[in-house]
Structures are given as structure tokens and as C-alpha cells.
>>> print(open('start_39.cif').read())   # mmCIF, N, CA and C atoms
data_data
#
loop_
_atom_site.label_atom_id
_atom_site.label_comp_id
_atom_site.auth_asym_id
_atom_site.auth_seq_id
_atom_site.Cartn_x
_atom_site.Cartn_y
_atom_site.Cartn_z
N MET A 125 57.28 96.87 96.54
CA MET A 125 57.25 98.20 96.02
C MET A 125 57.99 99.12 96.99
N ALA A 126 58.92 99.94 96.48
CA ALA A 126 59.72 100.82 97.31
C ALA A 126 58.91 102.03 97.75
N LYS A 127 59.09 102.41 99.01
CA LYS A 127 58.41 103.60 99.53
C LYS A 127 59.22 104.84 99.18
N ARG A 128 58.53 105.89 98.87
CA ARG A 128 59.19 107.17 98.59
C ARG A 128 59.20 108.00 99.86
N LYS A 129 60.33 108.64 100.08
CA LYS A 129 60.43 109.54 101.23
C LYS A 129 59.98 110.91 100.78
N MET A 130 59.08 111.48 101.52
CA MET A 130 58.56 112.81 101.21
C MET A 130 59.43 113.84 101.91
N PRO A 131 59.81 114.91 101.21
CA PRO A 131 60.60 115.96 101.86
C PRO A 131 59.79 116.66 102.93
N ILE A 132 60.44 117.03 104.00
CA ILE A 132 59.77 117.75 105.09
C ILE A 132 59.92 119.23 104.81
N PRO A 133 58.81 119.94 104.68
CA PRO A 133 58.90 121.37 104.38
C PRO A 133 59.50 122.13 105.54
N SER A 134 60.24 123.18 105.23
CA SER A 134 60.85 124.04 106.24
C SER A 134 59.79 124.98 106.79
N ARG A 135 59.74 125.12 108.10
CA ARG A 135 58.74 126.01 108.73
C ARG A 135 59.21 127.46 108.72
N SER A 136 60.50 127.67 108.54
CA SER A 136 61.03 129.04 108.64
C SER A 136 61.35 129.62 107.28
N GLY A 137 60.76 129.14 106.26
CA GLY A 137 61.04 129.67 104.93
C GLY A 137 62.33 129.10 104.41
N GLY A 138 62.99 129.79 103.51
CA GLY A 138 64.19 129.29 102.88
C GLY A 138 65.48 129.69 103.55
N LYS A 139 65.43 130.64 104.49
CA LYS A 139 66.66 131.15 105.10
C LYS A 139 67.40 130.08 105.89
N SER A 140 66.69 129.34 106.70
CA SER A 140 67.31 128.30 107.51
C SER A 140 67.88 127.20 106.62
N SER A 141 67.14 126.88 105.58
CA SER A 141 67.59 125.85 104.66
C SER A 141 68.86 126.28 103.93
N ALA A 142 68.93 127.54 103.55
CA ALA A 142 70.12 128.06 102.87
C ALA A 142 71.33 128.01 103.80
N LYS A 143 71.12 128.35 105.08
CA LYS A 143 72.22 128.30 106.04
C LYS A 143 72.71 126.87 106.23
N LYS A 144 71.76 125.94 106.28
CA LYS A 144 72.13 124.53 106.43
C LYS A 144 72.92 124.06 105.22
N ASN A 145 72.49 124.48 104.03
CA ASN A 145 73.21 124.10 102.81
C ASN A 145 74.62 124.66 102.82
N ASP A 146 74.77 125.92 103.23
CA ASP A 146 76.09 126.54 103.31
C ASP A 146 76.98 125.80 104.30
N MET A 147 76.39 125.43 105.44
CA MET A 147 77.16 124.71 106.45
C MET A 147 77.59 123.35 105.93
N MET A 148 76.69 122.68 105.24
CA MET A 148 77.03 121.36 104.69
C MET A 148 78.14 121.48 103.64
N LYS A 149 78.08 122.52 102.83
CA LYS A 149 79.13 122.74 101.83
C LYS A 149 80.47 122.99 102.51
N GLN A 150 80.46 123.77 103.59
CA GLN A 150 81.69 124.04 104.33
C GLN A 150 82.24 122.75 104.94
N LEU A 151 81.36 121.95 105.51
CA LEU A 151 81.80 120.69 106.11
C LEU A 151 82.36 119.74 105.05
N GLN A 152 81.72 119.68 103.89
CA GLN A 152 82.21 118.82 102.82
C GLN A 152 83.58 119.30 102.33
N SER A 153 83.73 120.62 102.22
CA SER A 153 85.01 121.18 101.80
C SER A 153 86.10 120.85 102.83
N MET A 154 85.76 121.00 104.11
CA MET A 154 86.72 120.69 105.17
C MET A 154 87.10 119.22 105.14
N GLN A 155 86.11 118.37 104.91
CA GLN A 155 86.39 116.94 104.86
C GLN A 155 87.30 116.61 103.68
N GLU A 156 87.08 117.24 102.53
CA GLU A 156 87.93 117.01 101.37
C GLU A 156 89.37 117.44 101.66
N GLU A 157 89.52 118.60 102.32
CA GLU A 157 90.86 119.07 102.68
C GLU A 157 91.54 118.10 103.63
N MET A 158 90.77 117.59 104.58
CA MET A 158 91.34 116.65 105.54
C MET A 158 91.78 115.36 104.86
N LEU A 159 90.98 114.87 103.93
CA LEU A 159 91.35 113.65 103.22
C LEU A 159 92.63 113.85 102.41
N LYS A 160 92.76 115.00 101.76
CA LYS A 160 93.98 115.30 101.01
C LYS A 160 95.18 115.36 101.96
N SER A 161 94.99 116.02 103.09
CA SER A 161 96.07 116.13 104.07
C SER A 161 96.45 114.77 104.63
N GLN A 162 95.45 113.93 104.91
CA GLN A 162 95.73 112.59 105.42
C GLN A 162 96.51 111.77 104.40
N ASP A 163 96.14 111.88 103.13
CA ASP A 163 96.86 111.15 102.08
C ASP A 163 98.31 111.62 102.01
N ALA A 164 98.51 112.94 102.09
CA ALA A 164 99.88 113.48 102.04
C ALA A 164 100.68 113.01 103.24
N LEU A 165 100.07 112.99 104.41
CA LEU A 165 100.76 112.55 105.62
C LEU A 165 101.12 111.07 105.55
N LYS A 166 100.27 110.27 104.92
CA LYS A 166 100.57 108.84 104.78
C LYS A 166 101.82 108.61 103.95
N GLU A 167 102.07 109.47 103.00
CA GLU A 167 103.23 109.33 102.12
C GLU A 167 104.51 109.90 102.74
N LYS A 168 104.36 110.77 103.71
CA LYS A 168 105.52 111.42 104.32
C LYS A 168 106.34 110.42 105.13
N GLU A 169 107.66 110.65 105.18
CA GLU A 169 108.54 109.73 105.91
C GLU A 169 109.07 110.43 107.16
N TYR A 170 109.14 109.68 108.24
CA TYR A 170 109.63 110.18 109.52
C TYR A 170 110.81 109.31 109.96
N GLU A 171 111.78 109.96 110.59
CA GLU A 171 112.99 109.26 111.00
C GLU A 171 113.26 109.51 112.48
N ALA A 172 113.72 108.48 113.16
CA ALA A 172 114.13 108.61 114.56
C ALA A 172 115.27 107.65 114.80
N SER A 173 116.07 107.99 115.82
CA SER A 173 117.19 107.11 116.15
C SER A 173 117.26 106.90 117.66
N ALA A 174 118.00 105.88 118.04
CA ALA A 174 118.20 105.55 119.45
C ALA A 174 119.66 105.18 119.64
N GLY A 175 120.10 105.28 120.87
CA GLY A 175 121.48 104.91 121.18
C GLY A 175 122.49 105.84 120.53
N GLY A 176 122.15 107.13 120.49
CA GLY A 176 123.07 108.10 119.90
C GLY A 176 123.28 107.88 118.41
N GLY A 177 122.29 107.35 117.72
CA GLY A 177 122.38 107.12 116.29
C GLY A 177 122.79 105.71 115.93
N ALA A 178 122.92 104.85 116.93
CA ALA A 178 123.32 103.47 116.67
C ALA A 178 122.25 102.72 115.87
N VAL A 179 120.99 103.08 116.11
CA VAL A 179 119.87 102.49 115.36
C VAL A 179 119.01 103.63 114.83
N THR A 180 118.78 103.64 113.53
CA THR A 180 117.94 104.65 112.90
C THR A 180 116.81 103.94 112.17
N VAL A 181 115.60 104.47 112.37
CA VAL A 181 114.41 103.88 111.76
C VAL A 181 113.66 104.95 110.98
N LYS A 182 113.15 104.55 109.81
CA LYS A 182 112.28 105.42 109.01
C LYS A 182 110.93 104.74 108.88
N VAL A 183 109.86 105.54 109.08
CA VAL A 183 108.50 105.05 108.92
C VAL A 183 107.72 106.04 108.08
N THR A 184 106.61 105.57 107.52
CA THR A 184 105.72 106.47 106.80
C THR A 184 104.59 106.89 107.74
N GLY A 185 103.85 107.89 107.30
CA GLY A 185 102.68 108.32 108.06
C GLY A 185 101.60 107.26 108.11
N ALA A 186 101.72 106.25 107.28
CA ALA A 186 100.79 105.11 107.30
C ALA A 186 101.25 104.04 108.28
N ASN A 187 102.24 104.39 109.12
CA ASN A 187 102.77 103.49 110.15
C ASN A 187 103.43 102.24 109.57
N ARG A 188 104.16 102.43 108.49
CA ARG A 188 104.92 101.34 107.87
C ARG A 188 106.40 101.63 108.04
N VAL A 189 107.13 100.66 108.55
CA VAL A 189 108.58 100.79 108.67
C VAL A 189 109.17 100.61 107.28
N THR A 190 109.95 101.61 106.83
CA THR A 190 110.55 101.52 105.50
C THR A 190 112.05 101.24 105.55
N SER A 191 112.66 101.52 106.70
CA SER A 191 114.11 101.33 106.79
C SER A 191 114.55 101.22 108.24
N ILE A 192 115.48 100.30 108.48
CA ILE A 192 116.16 100.20 109.78
C ILE A 192 117.65 100.11 109.48
N THR A 193 118.40 101.05 110.05
CA THR A 193 119.84 101.07 109.87
C THR A 193 120.49 100.84 111.23
N ILE A 194 121.40 99.86 111.29
CA ILE A 194 122.07 99.54 112.54
C ILE A 194 123.56 99.70 112.35
N ASP A 195 124.16 100.49 113.22
CA ASP A 195 125.61 100.68 113.19
C ASP A 195 126.26 99.35 113.58
N PRO A 196 127.15 98.81 112.72
CA PRO A 196 127.78 97.52 113.02
C PRO A 196 128.51 97.48 114.36
N ASP A 197 128.99 98.64 114.84
CA ASP A 197 129.70 98.68 116.10
C ASP A 197 128.81 98.35 117.30
N VAL A 198 127.49 98.50 117.14
CA VAL A 198 126.59 98.26 118.25
C VAL A 198 126.15 96.79 118.31
N VAL A 199 126.46 96.02 117.29
CA VAL A 199 126.06 94.62 117.25
C VAL A 199 127.02 93.79 118.10
N ASP A 200 126.46 93.24 119.16
CA ASP A 200 127.24 92.41 120.08
C ASP A 200 126.43 91.13 120.30
N GLU A 201 126.94 90.03 119.78
CA GLU A 201 126.17 88.78 119.87
C GLU A 201 125.92 88.35 121.31
N ASP A 202 126.68 88.90 122.25
CA ASP A 202 126.46 88.58 123.65
C ASP A 202 125.42 89.50 124.29
N ASP A 203 124.97 90.52 123.55
CA ASP A 203 124.00 91.46 124.11
C ASP A 203 122.94 91.84 123.06
N ILE A 204 122.30 90.84 122.52
CA ILE A 204 121.25 91.05 121.52
C ILE A 204 120.08 91.82 122.12
N GLU A 205 119.81 91.62 123.39
CA GLU A 205 118.69 92.30 124.06
C GLU A 205 118.83 93.82 123.98
N MET A 206 120.04 94.32 124.14
CA MET A 206 120.26 95.76 124.06
C MET A 206 119.94 96.28 122.66
N LEU A 207 120.34 95.54 121.63
CA LEU A 207 120.06 95.91 120.26
C LEU A 207 118.55 95.90 120.00
N GLU A 208 117.88 94.89 120.51
CA GLU A 208 116.42 94.82 120.37
C GLU A 208 115.75 96.03 121.02
N ASP A 209 116.23 96.41 122.19
CA ASP A 209 115.67 97.57 122.89
C ASP A 209 115.88 98.86 122.09
N LEU A 210 117.06 98.98 121.46
CA LEU A 210 117.33 100.16 120.65
C LEU A 210 116.41 100.23 119.43
N VAL A 211 116.18 99.08 118.81
CA VAL A 211 115.29 99.04 117.64
C VAL A 211 113.87 99.43 118.06
N ILE A 212 113.40 98.86 119.15
CA ILE A 212 112.05 99.18 119.64
C ILE A 212 111.94 100.67 119.96
N ALA A 213 112.93 101.21 120.63
CA ALA A 213 112.89 102.64 120.98
C ALA A 213 112.86 103.52 119.73
N ALA A 214 113.66 103.19 118.75
CA ALA A 214 113.70 104.00 117.53
C ALA A 214 112.39 103.90 116.74
N VAL A 215 111.84 102.69 116.64
CA VAL A 215 110.57 102.51 115.93
C VAL A 215 109.46 103.29 116.63
N ASN A 216 109.38 103.16 117.93
CA ASN A 216 108.33 103.87 118.67
C ASN A 216 108.47 105.38 118.55
N GLU A 217 109.68 105.88 118.58
CA GLU A 217 109.91 107.32 118.44
C GLU A 217 109.49 107.80 117.06
N ALA A 218 109.82 107.07 116.03
CA ALA A 218 109.44 107.45 114.66
C ALA A 218 107.92 107.43 114.50
N LEU A 219 107.26 106.41 115.04
CA LEU A 219 105.80 106.33 114.97
C LEU A 219 105.15 107.48 115.74
N THR A 220 105.72 107.83 116.88
CA THR A 220 105.20 108.96 117.67
C THR A 220 105.31 110.25 116.88
N LYS A 221 106.42 110.47 116.20
CA LYS A 221 106.58 111.66 115.38
C LYS A 221 105.49 111.73 114.31
N ALA A 222 105.24 110.62 113.66
CA ALA A 222 104.21 110.57 112.61
C ALA A 222 102.83 110.87 113.19
N GLU A 223 102.51 110.27 114.32
CA GLU A 223 101.21 110.48 114.96
C GLU A 223 101.04 111.93 115.40
N GLU A 224 102.08 112.51 115.98
CA GLU A 224 102.00 113.89 116.46
C GLU A 224 101.80 114.87 115.30
N GLU A 225 102.52 114.67 114.20
CA GLU A 225 102.34 115.56 113.06
C GLU A 225 100.95 115.41 112.46
N SER A 226 100.47 114.19 112.39
CA SER A 226 99.13 113.95 111.85
C SER A 226 98.08 114.66 112.72
N ALA A 227 98.19 114.52 114.02
CA ALA A 227 97.24 115.16 114.93
C ALA A 227 97.32 116.68 114.81
N SER A 228 98.53 117.21 114.68
CA SER A 228 98.72 118.64 114.54
C SER A 228 98.09 119.16 113.25
N GLU A 229 98.27 118.43 112.15
CA GLU A 229 97.68 118.84 110.87
C GLU A 229 96.16 118.80 110.93
N MET A 230 95.61 117.78 111.54
CA MET A 230 94.15 117.69 111.65
C MET A 230 93.60 118.80 112.53
N GLU A 231 94.33 119.14 113.58
CA GLU A 231 93.94 120.24 114.47
C GLU A 231 93.88 121.56 113.70
N LYS A 232 94.87 121.78 112.82
CA LYS A 232 94.89 123.00 112.01
C LYS A 232 93.67 123.07 111.10
N LEU A 233 93.32 121.94 110.51
CA LEU A 233 92.21 121.92 109.55
C LEU A 233 90.85 122.05 110.22
N THR A 234 90.71 121.46 111.40
CA THR A 234 89.40 121.45 112.05
C THR A 234 89.23 122.57 113.06
N GLY A 235 90.32 123.26 113.38
CA GLY A 235 90.21 124.32 114.37
C GLY A 235 89.78 123.79 115.73
N GLY A 236 90.13 122.55 116.02
CA GLY A 236 89.81 121.96 117.31
C GLY A 236 88.44 121.30 117.36
N MET A 237 87.72 121.29 116.25
CA MET A 237 86.38 120.68 116.25
C MET A 237 86.44 119.17 116.21
N GLY A 238 87.56 118.62 115.73
CA GLY A 238 87.65 117.18 115.59
C GLY A 238 86.56 116.67 114.69
N GLY A 239 85.99 115.56 114.99
CA GLY A 239 84.90 115.01 114.20
C GLY A 239 83.55 115.48 114.71
N MET A 240 83.53 116.41 115.65
CA MET A 240 82.32 116.94 116.26
C MET A 240 81.44 115.81 116.81
N GLY A 241 82.08 114.70 117.18
CA GLY A 241 81.34 113.60 117.76
C GLY A 241 80.56 112.79 116.73
N ILE A 242 80.79 113.04 115.47
CA ILE A 242 80.07 112.34 114.42
C ILE A 242 81.00 111.29 113.84
N PRO A 243 80.75 110.00 114.11
CA PRO A 243 81.63 108.94 113.61
C PRO A 243 81.75 108.99 112.09
N GLY A 244 82.98 108.87 111.60
CA GLY A 244 83.22 108.83 110.17
C GLY A 244 83.25 110.19 109.49
N LEU A 245 83.00 111.28 110.26
CA LEU A 245 83.00 112.59 109.62
C LEU A 245 84.40 113.00 109.23
N PHE A 246 85.36 112.81 110.15
CA PHE A 246 86.76 113.17 109.85
C PHE A 246 87.65 112.06 110.32
#
>>> encode(input="start_39.cif", output="C-alpha cells")
Amino acid sequence: MAKRKMPIPSRSGGKSSAKKNDMMKQLQSMQEEMLKSQDALKEKEYEASAGGGAVTVKVTGANRVTSITIDPDVVDEDDIEMLEDLVIAAVNEALTKAEEESASEMEKLTGGMGGMGIPGLF
């Protein structure tokens, strides 16, 4: 047989309870805005290049590489390591751009509160 949880009566009347309800509504609204913003950021595309444009990479806010463009003039079969370094640099730069914009957008929405130390809140 399931136990029923009994509500705990408020000692301060209804005023404190109303304030708590308002705060919860504000937090829920903020969370909904953040989720919408996060979804929009995941769809956004970021671009970065390395080697003066020799390698260009596009990623999404969901950290997915969508495109890598390599200038044929930079391809040297005797120096593949340099090309690999350029690709890594461009990918990392594009991912950093995505992360920085995401953090900036979340900062705007939360006003610096972050998740207020509550796991899963934001």
C-alpha cells in the first residue's frame, strides 16, 4: 500500500508560500528560456581557420564538425604533420568559439547565477 505524503502547513500564513510560488515560476520561466537558447545555439554554425585560411573548419554549437576545407596548395605529401596541425588548430578554434558564445548566452540569461549550485537546474 502506497503512503501518502501530507502537506506541511506554512507557519507564516500564505505570504511566504506565494513568494515561493512566484520564485518557482520565475525559475521555471528562466529554465525554459535557457533551453530554447541552448537549442538555438546547438543549431548555430561556427567557423574558424588556421594557416592564414589554408584550413577552414565549420562546427555546430552541438560540437559537431560539419565541414573541413583545405586549400590544395597547402597539401604536401612530405609534410602531412603540418597539415594535421592546421586541422587540429582550426577545429579547436571553432569549438572554442561555440563554447564561448554558449557561455556568454547563458550568462545573459542567468545574470551570473549559473545553476545556483543545483545540479540539473540549468
>>> resolve_selection(input="start_39.cif", expression="the PyMOL selection byres (((chain A and resi 220-235 and name CA) around 10) and name CA)", output="ChimeraX atom specification")
/A:151,154-155,157-159,161-162,164-166,168-172,183-187,214-219,236-240,246
>>> write_last_selection(input="start_39.cif", atoms="N, CA and C atoms", output="mmCIF file, in the coordinates of the input")
data_model
loop_
_atom_site.group_PDB
_atom_site.id
_atom_site.type_symbol
_atom_site.label_atom_id
_atom_site.label_comp_id
_atom_site.auth_asym_id
_atom_site.auth_seq_id
_atom_site.Cartn_x
_atom_site.Cartn_y
_atom_site.Cartn_z
ATOM 1 N N LEU A 151 81.360 121.950 105.510
ATOM 2 C CA LEU A 151 81.800 120.690 106.110
ATOM 3 C C LEU A 151 82.360 119.740 105.050
ATOM 4 N N MET A 154 85.760 121.000 104.110
ATOM 5 C CA MET A 154 86.720 120.690 105.170
ATOM 6 C C MET A 154 87.100 119.220 105.140
ATOM 7 N N GLN A 155 86.110 118.370 104.910
ATOM 8 C CA GLN A 155 86.390 116.940 104.860
ATOM 9 C C GLN A 155 87.300 116.610 103.680
ATOM 10 N N GLU A 157 89.520 118.600 102.320
ATOM 11 C CA GLU A 157 90.860 119.070 102.680
ATOM 12 C C GLU A 157 91.540 118.100 103.630
ATOM 13 N N MET A 158 90.770 117.590 104.580
ATOM 14 C CA MET A 158 91.340 116.650 105.540
ATOM 15 C C MET A 158 91.780 115.360 104.860
ATOM 16 N N LEU A 159 90.980 114.870 103.930
ATOM 17 C CA LEU A 159 91.350 113.650 103.220
ATOM 18 C C LEU A 159 92.630 113.850 102.410
ATOM 19 N N SER A 161 94.990 116.020 103.090
ATOM 20 C CA SER A 161 96.070 116.130 104.070
ATOM 21 C C SER A 161 96.450 114.770 104.630
ATOM 22 N N GLN A 162 95.450 113.930 104.910
ATOM 23 C CA GLN A 162 95.730 112.590 105.420
ATOM 24 C C GLN A 162 96.510 111.770 104.400
ATOM 25 N N ALA A 164 98.510 112.940 102.090
ATOM 26 C CA ALA A 164 99.880 113.480 102.040
ATOM 27 C C ALA A 164 100.680 113.010 103.240
ATOM 28 N N LEU A 165 100.070 112.990 104.410
ATOM 29 C CA LEU A 165 100.760 112.550 105.620
ATOM 30 C C LEU A 165 101.120 111.070 105.550
ATOM 31 N N LYS A 166 100.270 110.270 104.920
ATOM 32 C CA LYS A 166 100.570 108.840 104.780
ATOM 33 C C LYS A 166 101.820 108.610 103.950
ATOM 34 N N LYS A 168 104.360 110.770 103.710
ATOM 35 C CA LYS A 168 105.520 111.420 104.320
ATOM 36 C C LYS A 168 106.340 110.420 105.130
ATOM 37 N N GLU A 169 107.660 110.650 105.180
ATOM 38 C CA GLU A 169 108.540 109.730 105.910
ATOM 39 C C GLU A 169 109.070 110.430 107.160
ATOM 40 N N TYR A 170 109.140 109.680 108.240
ATOM 41 C CA TYR A 170 109.630 110.180 109.520
ATOM 42 C C TYR A 170 110.810 109.310 109.960
ATOM 43 N N GLU A 171 111.780 109.960 110.590
ATOM 44 C CA GLU A 171 112.990 109.260 111.000
ATOM 45 C C GLU A 171 113.260 109.510 112.480
ATOM 46 N N ALA A 172 113.720 108.480 113.160
ATOM 47 C CA ALA A 172 114.130 108.610 114.560
ATOM 48 C C ALA A 172 115.270 107.650 114.800
ATOM 49 N N VAL A 183 109.860 105.540 109.080
ATOM 50 C CA VAL A 183 108.500 105.050 108.920
ATOM 51 C C VAL A 183 107.720 106.040 108.080
ATOM 52 N N THR A 184 106.610 105.570 107.520
ATOM 53 C CA THR A 184 105.720 106.470 106.800
ATOM 54 C C THR A 184 104.590 106.890 107.740
ATOM 55 N N GLY A 185 103.850 107.890 107.300
ATOM 56 C CA GLY A 185 102.680 108.320 108.060
ATOM 57 C C GLY A 185 101.600 107.260 108.110
ATOM 58 N N ALA A 186 101.720 106.250 107.280
ATOM 59 C CA ALA A 186 100.790 105.110 107.300
ATOM 60 C C ALA A 186 101.250 104.040 108.280
ATOM 61 N N ASN A 187 102.240 104.390 109.120
ATOM 62 C CA ASN A 187 102.770 103.490 110.150
ATOM 63 C C ASN A 187 103.430 102.240 109.570
ATOM 64 N N ALA A 214 113.660 103.190 118.750
ATOM 65 C CA ALA A 214 113.700 104.000 117.530
ATOM 66 C C ALA A 214 112.390 103.900 116.740
ATOM 67 N N VAL A 215 111.840 102.690 116.640
ATOM 68 C CA VAL A 215 110.570 102.510 115.930
ATOM 69 C C VAL A 215 109.460 103.290 116.630
ATOM 70 N N ASN A 216 109.380 103.160 117.930
ATOM 71 C CA ASN A 216 108.330 103.870 118.670
ATOM 72 C C ASN A 216 108.470 105.380 118.550
ATOM 73 N N GLU A 217 109.680 105.880 118.580
ATOM 74 C CA GLU A 217 109.910 107.320 118.440
ATOM 75 C C GLU A 217 109.490 107.800 117.060
ATOM 76 N N ALA A 218 109.820 107.070 116.030
ATOM 77 C CA ALA A 218 109.440 107.450 114.660
ATOM 78 C C ALA A 218 107.920 107.430 114.500
ATOM 79 N N LEU A 219 107.260 106.410 115.040
ATOM 80 C CA LEU A 219 105.800 106.330 114.970
ATOM 81 C C LEU A 219 105.150 107.480 115.740
ATOM 82 N N GLY A 236 90.130 122.550 116.020
ATOM 83 C CA GLY A 236 89.810 121.960 117.310
ATOM 84 C C GLY A 236 88.440 121.300 117.360
ATOM 85 N N MET A 237 87.720 121.290 116.250
ATOM 86 C CA MET A 237 86.380 120.680 116.250
ATOM 87 C C MET A 237 86.440 119.170 116.210
ATOM 88 N N GLY A 238 87.560 118.620 115.730
ATOM 89 C CA GLY A 238 87.650 117.180 115.590
ATOM 90 C C GLY A 238 86.560 116.670 114.690
ATOM 91 N N GLY A 239 85.990 115.560 114.990
ATOM 92 C CA GLY A 239 84.900 115.010 114.200
ATOM 93 C C GLY A 239 83.550 115.480 114.710
ATOM 94 N N MET A 240 83.530 116.410 115.650
ATOM 95 C CA MET A 240 82.320 116.940 116.260
ATOM 96 C C MET A 240 81.440 115.810 116.810
ATOM 97 N N PHE A 246 85.360 112.810 110.150
ATOM 98 C CA PHE A 246 86.760 113.170 109.850
ATOM 99 C C PHE A 246 87.650 112.060 110.320
#
>>> resolve_selection(input="start_39.cif", expression="the PyMOL selection byres ((chain A and resi 195-199) around 6)", output="PyMOL selection string")
chain A and resi 178-179+193-194+200-201
>>> select_by_dssp(input="start_39.cif", residues="range 142-208 of chain A", states="helix (DSSP H, G or I)", output="MDAnalysis selection string")
chainID A and resid 142:167 196:198 204:208
>>> atom_distance(input="start_39.cif", atom1="CA of Val211 in chain A", atom2="CA of Val181 in chain A")
7.7 Å
>>> axis_aligned_box(input="start_39.cif", around="range 194-205 of chain A", padding_each_side="5 Å", output="AutoDock Vina command-line options")
--center_x 124.2 --center_y 94.5 --center_z 117.8 --size_x 21.0 --size_y 22.3 --size_z 23.0
>>> select_by_dssp(input="start_39.cif", residues="range 143-241 of chain A", states="strand (DSSP E or B)", output="ChimeraX atom specification")
/A:169-174,179-184,189-194
>>> atom_distance(input="start_39.cif", atom1="atom C of Asn145 in chain A", atom2="atom C of Asp163 in chain A")
27.1 Å
>>> atom_distance(input="start_39.cif", atom1="CA of Lys160 in chain A", atom2="CA of Ile192 in chain A")
28.2 Å
